[in-house]
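**Q** Next comes coords-v7.csv, CSV, C-alpha atoms:
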```
chain,number,residue,atom,x,y,z
A,1,MET,CA,21.5,21.5,5.6
A,2,PHE,CA,18.3,19.6,5.2
A,3,SER,CA,15.3,20.2,7.4
A,4,HIS,CA,14.9,17.4,9.9
A,5,HIS,CA,11.2,17.1,10.1
A,6,ALA,CA,9.5,13.8,11.0
A,7,LEU,CA,9.5,11.0,8.4
A,8,ARG,CA,6.7,8.4,8.3
A,9,SER,CA,8.2,5.6,6.3
A,10,PHE,CA,11.7,4.3,5.7
A,11,LEU,CA,11.9,1.8,2.8
A,12,PHE,CA,14.9,-0.5,2.6
A,13,VAL,CA,16.6,-1.1,-0.7
A,14,PRO,CA,19.5,-3.7,-0.7
A,15,GLY,CA,22.8,-2.1,-1.8
A,16,THR,CA,23.1,-4.8,-4.5
A,17,ARG,CA,19.8,-3.7,-6.1
A,18,THR,CA,19.9,0.1,-6.4
A,19,ASN,CA,18.1,-0.3,-9.7
A,20,LEU,CA,15.0,-0.7,-7.5
A,21,VAL,CA,15.3,2.9,-6.1
A,22,PRO,CA,12.9,4.4,-8.7
A,23,LYS,CA,10.3,1.8,-7.8
A,24,ALA,CA,11.0,2.5,-4.1
A,25,LEU,CA,10.5,6.3,-4.6
A,26,ALA,CA,7.3,5.6,-6.5
A,27,THR,CA,5.7,4.0,-3.5
A,28,GLY,CA,5.5,7.3,-1.7
A,29,ALA,CA,8.0,6.4,1.0
A,30,ASP,CA,9.3,9.4,2.8
A,31,ALA,CA,12.8,8.1,2.8
A,32,VAL,CA,14.8,5.3,1.2
A,33,ILE,CA,17.5,3.4,3.1
A,34,LEU,CA,20.3,2.0,0.9
A,35,ASP,CA,21.6,-1.0,2.8
A,36,LEU,CA,25.1,-2.3,3.1
A,37,GLU,CA,24.4,-4.5,6.1
A,38,ASP,CA,22.2,-7.5,6.6
A,39,SER,CA,20.6,-7.6,3.2
A,40,VAL,CA,24.0,-7.9,1.5
A,41,PRO,CA,25.9,-11.2,1.7
A,42,PRO,CA,29.6,-10.7,2.6
A,43,PRO,CA,30.9,-11.7,-0.9
A,44,GLN,CA,28.7,-9.0,-2.5
A,45,LYS,CA,29.7,-6.1,-0.1
A,46,GLU,CA,32.2,-4.5,-2.5
A,47,GLU,CA,29.7,-4.6,-5.4
A,48,ALA,CA,27.1,-3.1,-3.2
A,49,ARG,CA,29.4,-0.2,-2.2
A,50,LYS,CA,30.1,0.6,-5.9
A,51,LEU,CA,26.4,0.7,-6.7
A,52,VAL,CA,25.4,2.7,-3.6
A,53,SER,CA,28.2,5.2,-4.3
A,54,ILE,CA,26.8,5.8,-7.8
A,55,GLU,CA,23.2,6.2,-6.4
A,56,LEU,CA,24.2,8.6,-3.7
A,57,ALA,CA,26.0,10.8,-6.2
A,58,GLN,CA,22.9,11.1,-8.2
A,59,SER,CA,20.5,12.1,-5.4
A,60,PRO,CA,21.6,15.5,-4.0
A,61,GLU,CA,18.0,16.8,-4.0
A,62,ARG,CA,16.4,14.2,-1.7
A,63,LEU,CA,17.5,12.9,1.7
A,64,THR,CA,18.8,9.3,1.4
A,65,PHE,CA,19.8,7.1,4.3
A,66,LEU,CA,22.7,4.7,4.2
A,67,ARG,CA,22.8,1.7,6.6
A,68,ILE,CA,26.5,0.8,7.2
A,69,ASN,CA,28.0,-2.2,8.9
A,70,HIS,CA,28.9,-1.9,12.6
A,71,PRO,CA,32.3,-0.3,12.9
A,72,ARG,CA,33.6,-3.3,14.9
A,73,PHE,CA,33.7,-5.3,11.7
A,74,GLY,CA,36.5,-3.2,10.4
A,75,ASN,CA,35.0,-1.9,7.2
A,76,LEU,CA,34.0,1.6,8.3
A,77,ASP,CA,36.3,3.4,5.8
A,78,LYS,CA,35.0,1.3,2.9
A,79,ASP,CA,31.4,1.9,3.9
A,80,LEU,CA,31.7,5.6,4.4
A,81,ALA,CA,33.7,6.0,1.2
A,82,VAL,CA,30.4,5.6,-0.7
A,83,LEU,CA,29.2,9.0,0.5
A,84,ALA,CA,28.8,11.8,-2.0
A,85,SER,CA,29.9,15.4,-1.6
A,86,HIS,CA,26.5,16.8,-0.7
A,87,GLY,CA,24.5,17.0,2.5
A,88,ALA,CA,21.4,15.0,1.5
A,89,GLN,CA,22.6,11.9,3.2
A,90,ALA,CA,22.2,10.3,6.7
A,91,VAL,CA,24.1,7.4,8.0
A,92,MET,CA,22.3,4.6,10.0
A,93,VAL,CA,24.5,2.7,12.4
A,94,PRO,CA,23.2,-0.7,13.4
A,95,LYS,CA,23.6,-2.6,16.8
A,96,VAL,CA,24.6,0.6,18.7
A,97,GLU,CA,25.1,0.0,22.4
A,98,HIS,CA,27.4,2.7,23.6
A,99,ALA,CA,28.5,6.2,22.6
A,100,ARG,CA,31.9,4.7,21.6
A,101,ASP,CA,30.0,2.8,18.8
A,102,ILE,CA,29.4,6.1,17.0
A,103,ALA,CA,32.4,8.1,18.0
A,104,GLU,CA,34.6,7.0,15.1
A,105,VAL,CA,31.7,7.4,12.7
A,106,ASP,CA,31.1,10.9,13.9
A,107,ALA,CA,34.8,11.8,13.4
A,108,ARG,CA,35.0,10.3,9.9
A,109,LEU,CA,31.9,12.1,8.9
A,110,ALA,CA,33.3,15.4,10.1
A,111,ALA,CA,36.4,14.8,8.0
A,112,HIS,CA,34.3,13.9,5.0
A,113,GLU,CA,32.3,17.1,5.4
A,114,LEU,CA,35.5,19.2,5.7
A,115,GLY,CA,36.9,17.7,2.5
A,116,ALA,CA,33.6,18.1,0.6
A,117,GLY,CA,33.2,21.7,1.7
A,118,LEU,CA,30.0,20.9,3.6
A,119,GLN,CA,28.8,22.6,6.8
A,120,GLY,CA,29.8,20.7,9.9
A,121,GLY,CA,27.1,18.3,11.0
A,122,ALA,CA,25.4,18.3,7.5
A,123,ILE,CA,25.3,14.5,7.5
A,124,SER,CA,23.0,13.1,10.2
A,125,LEU,CA,23.4,9.9,12.2
A,126,VAL,CA,20.7,7.5,13.1
A,127,VAL,CA,21.4,4.9,15.8
A,128,VAL,CA,19.6,1.5,15.7
A,129,ILE,CA,18.9,-0.1,19.0
A,130,GLU,CA,19.0,-3.9,18.8
A,131,SER,CA,19.8,-5.0,22.4
A,132,SER,CA,18.8,-4.4,26.0
A,133,VAL,CA,22.2,-2.8,26.6
A,134,GLY,CA,21.7,-0.4,23.8
A,135,LEU,CA,18.2,0.5,25.1
A,136,ARG,CA,19.6,1.1,28.6
A,137,ASN,CA,22.2,3.5,27.3
A,138,LEU,CA,20.1,5.2,24.6
A,139,PHE,CA,19.9,8.8,26.1
A,140,ASP,CA,23.6,8.9,26.8
A,141,THR,CA,24.5,7.5,23.4
A,142,VAL,CA,22.4,9.9,21.3
A,143,SER,CA,23.5,12.9,23.4
A,144,HIS,CA,27.1,12.2,22.6
A,145,THR,CA,27.0,14.3,19.4
A,146,ASN,CA,24.6,16.8,17.9
A,147,ARG,CA,25.0,14.8,14.6
A,148,VAL,CA,22.6,12.1,16.0
A,149,ARG,CA,19.1,13.2,14.9
A,150,GLY,CA,17.3,9.9,14.9
A,151,ALA,CA,17.0,6.5,16.5
A,152,ALA,CA,15.3,3.3,15.5
A,153,LEU,CA,14.2,0.4,17.7
A,154,ALA,CA,14.6,-3.1,16.2
A,155,THR,CA,11.1,-4.4,17.1
A,156,ALA,CA,11.0,-7.1,14.4
A,157,GLU,CA,9.5,-10.6,15.1
A,158,GLU,CA,12.4,-13.0,16.0
A,159,GLY,CA,14.8,-10.1,15.5
A,160,ASP,CA,17.9,-9.3,17.5
A,161,PHE,CA,16.1,-7.2,20.2
A,162,MET,CA,13.4,-9.8,20.7
A,163,CYS,CA,16.0,-12.5,21.0
A,164,ASP,CA,18.0,-10.5,23.4
A,165,ILE,CA,15.2,-9.9,25.8
A,166,GLY,CA,13.8,-13.4,25.5
A,167,GLY,CA,10.4,-12.1,24.6
A,168,ARG,CA,7.6,-13.4,22.4
A,169,TRP,CA,6.5,-11.1,19.6
A,170,SER,CA,2.8,-10.3,18.9
A,171,ALA,CA,1.1,-7.6,16.8
A,172,THR,CA,-0.5,-6.3,20.0
A,173,GLY,CA,3.0,-5.7,21.4
A,174,GLU,CA,2.9,-6.8,25.0
A,175,ALA,CA,6.6,-7.9,25.0
A,176,LEU,CA,7.7,-4.5,23.7
A,177,THR,CA,5.6,-2.2,25.9
A,178,TYR,CA,8.4,-1.2,28.2
A,179,ALA,CA,11.0,-1.0,25.5
A,180,ARG,CA,8.9,1.2,23.2
A,181,GLY,CA,8.0,3.5,26.2
A,182,LYS,CA,11.6,3.8,27.4
A,183,PHE,CA,12.9,4.3,23.9
A,184,VAL,CA,10.5,7.2,23.1
A,185,CYS,CA,11.2,9.0,26.4
A,186,ASP,CA,14.9,8.8,25.9
A,187,ALA,CA,14.8,9.8,22.3
A,188,ARG,CA,12.4,12.7,23.0
A,189,ALA,CA,14.5,13.9,25.9
A,190,ALA,CA,17.5,14.0,23.6
A,191,ARG,CA,15.4,16.0,21.0
A,192,MET,CA,15.6,13.3,18.2
A,193,ALA,CA,13.7,14.2,15.0
A,194,TRP,CA,13.2,10.7,13.8
A,195,LEU,CA,11.8,8.0,16.2
A,196,VAL,CA,11.5,4.9,14.0
A,197,ASP,CA,9.7,1.7,14.9
A,198,GLY,CA,11.3,-1.5,13.5
A,199,ALA,CA,10.3,-3.8,10.6
A,200,PHE,CA,7.1,-5.8,10.4
A,201,MET,CA,8.0,-9.2,8.9
A,202,GLN,CA,4.6,-10.7,8.1
A,203,LEU,CA,4.4,-9.4,4.5
A,204,ALA,CA,0.9,-10.7,3.7
A,205,ASP,CA,-0.8,-9.4,6.8
A,206,GLU,CA,-1.7,-5.7,6.3
A,207,ALA,CA,-4.2,-5.6,9.1
A,208,ALA,CA,-1.5,-6.7,11.6
A,209,LEU,CA,1.0,-4.2,10.1
A,210,GLU,CA,-1.6,-1.5,10.6
A,211,CYS,CA,-2.2,-2.7,14.2
A,212,GLU,CA,1.5,-2.6,15.1
A,213,SER,CA,1.9,0.8,13.4
A,214,ARG,CA,-0.9,2.3,15.4
A,215,LEU,CA,0.6,0.9,18.5
A,216,ALA,CA,4.0,2.5,17.7
A,217,ARG,CA,2.3,5.8,17.0
A,218,ALA,CA,0.4,5.6,20.2
A,219,HIS,CA,3.7,5.2,22.1
A,220,GLY,CA,5.1,8.3,20.4
A,221,PHE,CA,7.1,7.0,17.4
A,222,ASN,CA,6.7,9.2,14.3
A,223,GLY,CA,7.8,6.6,11.6
A,224,LYS,CA,8.3,3.0,10.8
A,225,VAL,CA,10.6,0.9,8.7
A,226,ALA,CA,9.2,-0.8,5.6
A,227,VAL,CA,10.8,-3.9,4.1
A,228,HIS,CA,8.5,-4.2,1.2
A,229,PRO,CA,6.9,-1.6,-1.1
A,230,ASP,CA,3.4,-2.7,-0.2
A,231,GLN,CA,4.0,-1.7,3.4
A,232,VAL,CA,4.6,2.0,2.6
A,233,LYS,CA,1.0,3.0,2.1
A,234,PRO,CA,-0.5,1.6,5.3
A,235,ILE,CA,2.5,3.0,7.3
A,236,ASN,CA,2.1,6.5,5.8
A,237,ARG,CA,-1.6,6.3,6.5
A,238,VAL,CA,-1.2,5.5,10.2
A,239,PHE,CA,1.6,8.0,10.8
A,240,SER,CA,-0.4,10.8,9.2
A,241,PRO,CA,-3.1,12.8,11.1
A,242,THR,CA,-6.6,11.8,10.0
A,243,ASP,CA,-9.0,14.4,8.7
A,244,ALA,CA,-10.9,14.2,12.0
A,245,GLU,CA,-7.8,14.8,14.0
A,246,VAL,CA,-6.9,17.9,11.9
A,247,GLU,CA,-10.5,19.2,12.1
A,248,ARG,CA,-10.6,18.8,15.9
A,249,ALA,CA,-7.1,20.3,16.3
A,250,GLN,CA,-8.1,23.4,14.3
A,251,LYS,CA,-11.3,23.9,16.2
A,252,LEU,CA,-9.5,23.5,19.5
A,253,ILE,CA,-7.0,26.1,18.7
A,254,ASP,CA,-9.7,28.5,17.4
A,255,ALA,CA,-11.8,28.1,20.5
A,256,PHE,CA,-8.8,28.5,22.8
A,257,ARG,CA,-7.5,31.6,21.1
A,258,ALA,CA,-10.9,33.2,21.3
A,259,ALA,CA,-11.1,32.4,25.1
A,260,GLU,CA,-7.5,33.5,25.5
A,261,SER,CA,-8.4,36.9,24.1
A,262,GLN,CA,-10.8,37.2,27.0
A,263,GLY,CA,-8.2,36.4,29.6
A,264,ARG,CA,-8.9,32.7,30.0
A,265,GLY,CA,-6.1,30.1,30.0
A,266,ALA,CA,-8.3,27.0,30.3
A,267,ILE,CA,-11.7,26.2,28.7
A,268,GLN,CA,-14.1,23.3,28.1
A,269,PHE,CA,-13.9,22.0,24.6
A,270,GLN,CA,-16.1,19.2,23.4
A,271,GLY,CA,-16.7,18.1,27.0
A,272,MET,CA,-13.0,18.2,27.9
A,273,MET,CA,-11.0,20.7,30.0
A,274,VAL,CA,-8.1,22.0,27.8
A,275,ASP,CA,-5.3,24.4,28.4
A,276,TYR,CA,-1.9,25.3,26.8
A,277,ALA,CA,-0.7,21.7,26.7
A,278,ASN,CA,-3.7,20.7,24.6
A,279,VAL,CA,-2.9,23.6,22.3
A,280,ARG,CA,0.7,22.4,21.8
A,281,TRP,CA,-0.7,18.9,20.9
A,282,ALA,CA,-3.1,20.5,18.4
A,283,GLU,CA,-0.3,22.6,16.9
A,284,GLN,CA,1.8,19.4,16.4
A,285,ILE,CA,-1.1,17.7,14.6
A,286,LEU,CA,-1.5,20.7,12.2
A,287,SER,CA,2.2,20.9,11.6
A,288,ALA,CA,2.3,17.2,10.7
A,289,ALA,CA,-0.6,17.6,8.4
A,290,ARG,CA,1.1,20.4,6.5
A,291,ARG,CA,4.2,18.3,5.6
```
Output the file's structure as structure tokens, nothing else.
**A**
Amino acid sequence: MFSHHALRSFLFVPGTRTNLVPKALATGADAVILDLEDSVPPPQKEEARKLVSIELAQSPERLTFLRINHPRFGNLDKDLAVLASHGAQAVMVPKVEHARDIAEVDARLAAHELGAGLQGGAISLVVVIESSVGLRNLFDTVSHTNRVRGAALATAEEGDFMCDIGGRWSATGEALTYARGKFVCDARAARMAWLVDGAFMQLADEAALECESRLARAHGFNGKVAVHPDQVKPINRVFSPTDAEVERAQKLIDAFRAAESQGRGAIQFQGMMVDYANVRWAEQILSAARR
């Protein structure tokens, strides 16, 4: 089973254009999402499934995500039939609102794993929240099965979530402040590995992309969707610890351990009172820097 450490960038590749996967990987994206949903017109779904099936069979050494269509559209068997017989795959389910939206997917994946000789739970699920109902139910939904290891919030400008709440998108994120905060708290409480902020649609505005990415990171997200190769580098940069953060974290730990050896559990560090909570934060920074 693959390690489920945090991933910074998730780059979409339409299922009809799997020839772009080498280019996608060359961007430095932490993960590629092969898409069978919105980027594939209905008349091309079957062709996309064929191409995605071939691609997944060729990638047993790297974790690849597959975004399927929502099960209510009746194509779940066809979508999941593209999965290969290895565990380096994760299934992304869009428009999730209730635990029942993923119950059938979970059962079908268990059957696939059994038939392929894989360990139970080898293939992860990621739920995509695209409505206020989905956000309200997030904790209960992701707690339904241990297979769910990630969640994404569809924060895109003029996207489904923004339309549902009747908000007005801005790079400074006022309309999404509550949604991002509630999403992160629910996902963290359920021990999700991947907390993914949604797509940024203004392709020519890297400064605004960086602003939104920093906002998402500040809320507690550890990754973000990319819809264009040029978005990967700034996303990776924002969701990686800076040299200054790493240096400070190491100095904090060193100072605290020295004080701890003298029987102290709280110290002043660079003008700030710190204790074990700060040490945990510093350890998270160093762990992220080592990946």
**Q** Considering all atoms listed in the file, can you say which of A:Ala216, A:Ala99, A:Val105, A:Ile54 comes closest to A:Leu153?
**A**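 Of all the options, A:Ala216 lies closest to A:Leu153.
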**Q** Any idea what the distance is between atom CA of A:Trp281 and atom CA of A:Lys224?
**A** 20.9 Å
**Q** Go ahead and find all residues with at least one atom no further than 8 Å from (28.2, 7.4, -3.7) in the file's coordinates, using only C-alpha atoms; report them as a PyMOL selection string.
**A** chain A and resi 49-58+81-84
**Q** Tell me which residues come within 10 Å of (32.1, 7.9, 12.1), as a PyMOL selection string, counting only C-alpha atoms in the file's coordinates.
**A** chain A and resi 71+76-77+80+91+93+101-112+125
**Q** Would you mind telling me which residue in A:Ala226, A:Ala152, A:Leu36, A:Ala122 lies nearest to A:Ser9 when using all atoms listed in the file?
**A** A:Ala226
**Q** Write out as an MDAnalysis selection string each polymer residue whose atoms come within 9 Å of stretch 196-205 of chain A, counting all atoms listed in the file; drop sequence neighbours fewer than 4 positions from it.
**A** chainID A and resid 7:10 128 150:157 171 180 209:210 212:213 216:217 221:228 230:231
**Q** Would you mind reading off the distance between atom CA of A:Asn69 and atom CA of A:Glu37, one decimal, in Å?
**A**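 Separation of atom CA of A:Asn69 and atom CA of A:Glu37: 5.1 Å.
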**Q** Measuring atom to atom with all atoms listed in the file, identify which of A:Ser124, A:Gln119, A:Gln284, A:Thr64 is nearest to A:Val148.
**A**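 The closest residue to A:Val148 is A:Ser124.
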**Q** Got a sec: who's within 12 Å of A:Ala244, counting only C-alpha atoms, leaving out chain neighbours fewer than 6 positions off, as a list in words?
**A**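 Final neighbour list, sorted by chain and number: Gln250, Lys251, Ala282, Ile285, Leu286 and Ala289 of chain A.
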**Q** Do you know which residues are at most 12 Å from A:Ala190 counting only C-alpha atoms, after dropping those on the same chain fewer than 4 positions away, and could you put them as a list in words?
**A**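 Listed by chain and then number, they are Leu138, Phe139, Asp140, Thr141, Val142, Ser143, His144, Thr145, Asn146, Arg147, Val148, Arg149, Gly150, Ala151, Phe183, Val184, Cys185, Asp186, Trp194 and Leu195 of chain A.
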**Q** Could you list, as a ChimeraX atom specification, every residue within 12 Å of A:Met162, counting all atoms listed in the file and ignoring same-chain residues fewer than 3 positions away?
**A** /A:129-132,153-159,165-170,173-176,179,198
**Q** Selection from above, C-alpha atoms, as a PDB file, in the coordinates of the input, can you write it?
**A**
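Saved the output as again.pdb:
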```
ATOM      1  CA  ILE A 129      18.900  -0.100  19.000  1.00  0.00           C
ATOM      2  CA  GLU A 130      19.000  -3.900  18.800  1.00  0.00           C
ATOM      3  CA  SER A 131      19.800  -5.000  22.400  1.00  0.00           C
ATOM      4  CA  SER A 132      18.800  -4.400  26.000  1.00  0.00           C
ATOM      5  CA  LEU A 153      14.200   0.400  17.700  1.00  0.00           C
ATOM      6  CA  ALA A 154      14.600  -3.100  16.200  1.00  0.00           C
ATOM      7  CA  THR A 155      11.100  -4.400  17.100  1.00  0.00           C
ATOM      8  CA  ALA A 156      11.000  -7.100  14.400  1.00  0.00           C
ATOM      9  CA  GLU A 157       9.500 -10.600  15.100  1.00  0.00           C
ATOM     10  CA  GLU A 158      12.400 -13.000  16.000  1.00  0.00           C
ATOM     11  CA  GLY A 159      14.800 -10.100  15.500  1.00  0.00           C
ATOM     12  CA  ILE A 165      15.200  -9.900  25.800  1.00  0.00           C
ATOM     13  CA  GLY A 166      13.800 -13.400  25.500  1.00  0.00           C
ATOM     14  CA  GLY A 167      10.400 -12.100  24.600  1.00  0.00           C
ATOM     15  CA  ARG A 168       7.600 -13.400  22.400  1.00  0.00           C
ATOM     16  CA  TRP A 169       6.500 -11.100  19.600  1.00  0.00           C
ATOM     17  CA  SER A 170       2.800 -10.300  18.900  1.00  0.00           C
ATOM     18  CA  GLY A 173       3.000  -5.700  21.400  1.00  0.00           C
ATOM     19  CA  GLU A 174       2.900  -6.800  25.000  1.00  0.00           C
ATOM     20  CA  ALA A 175       6.600  -7.900  25.000  1.00  0.00           C
ATOM     21  CA  LEU A 176       7.700  -4.500  23.700  1.00  0.00           C
ATOM     22  CA  ALA A 179      11.000  -1.000  25.500  1.00  0.00           C
ATOM     23  CA  GLY A 198      11.300  -1.500  13.500  1.00  0.00           C
TER      24      GLY A 198
END
```
**Q** Counting only C-alpha atoms, what is within 8 Å of A:Leu66, bar same-chain residues fewer than 4 positions away, as a tab-separated table (two decimals) with C-alpha atoms, in the frame of the given file?
**A**
```tsv
chain	number	residue	atom	x	y	z
A	33	ILE	CA	17.50	3.40	3.10
A	34	LEU	CA	20.30	2.00	0.90
A	35	ASP	CA	21.60	-1.00	2.80
A	36	LEU	CA	25.10	-2.30	3.10
A	89	GLN	CA	22.60	11.90	3.20
A	90	ALA	CA	22.20	10.30	6.70
A	91	VAL	CA	24.10	7.40	8.00
A	92	MET	CA	22.30	4.60	10.00
```
**Q** Record the distance separating atom CA of A:Ser39 and atom CA of A:Asn19, expressed in Å with one decimal.
**A**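 Spanning atom CA of A:Ser39 to atom CA of A:Asn19 is a straight-line distance of 15.0 Å.
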**Q** Using only C-alpha atoms, pick whichever of A:Arg264, A:Leu20, A:Ala187, A:Gly181 has the shortest atom-to-atom distance to A:Val126.
**A**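 When distances to A:Val126 are compared using only C-alpha atoms, the smallest one comes from A:Ala187.
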**Q** Counting only C-alpha atoms, figure out which residue out of A:Leu25, A:Ala258, A:Ile253, A:Val13 gets nearest to A:Tyr276.
**A** A:Ile253
**Q** Between A:His5, A:Ser287, A:Arg280, A:Asp160, which has the minimum distance to A:Asp30 (counting all atoms listed in the file)?
**A**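 Closest to A:Asp30 of all the choices is A:His5.
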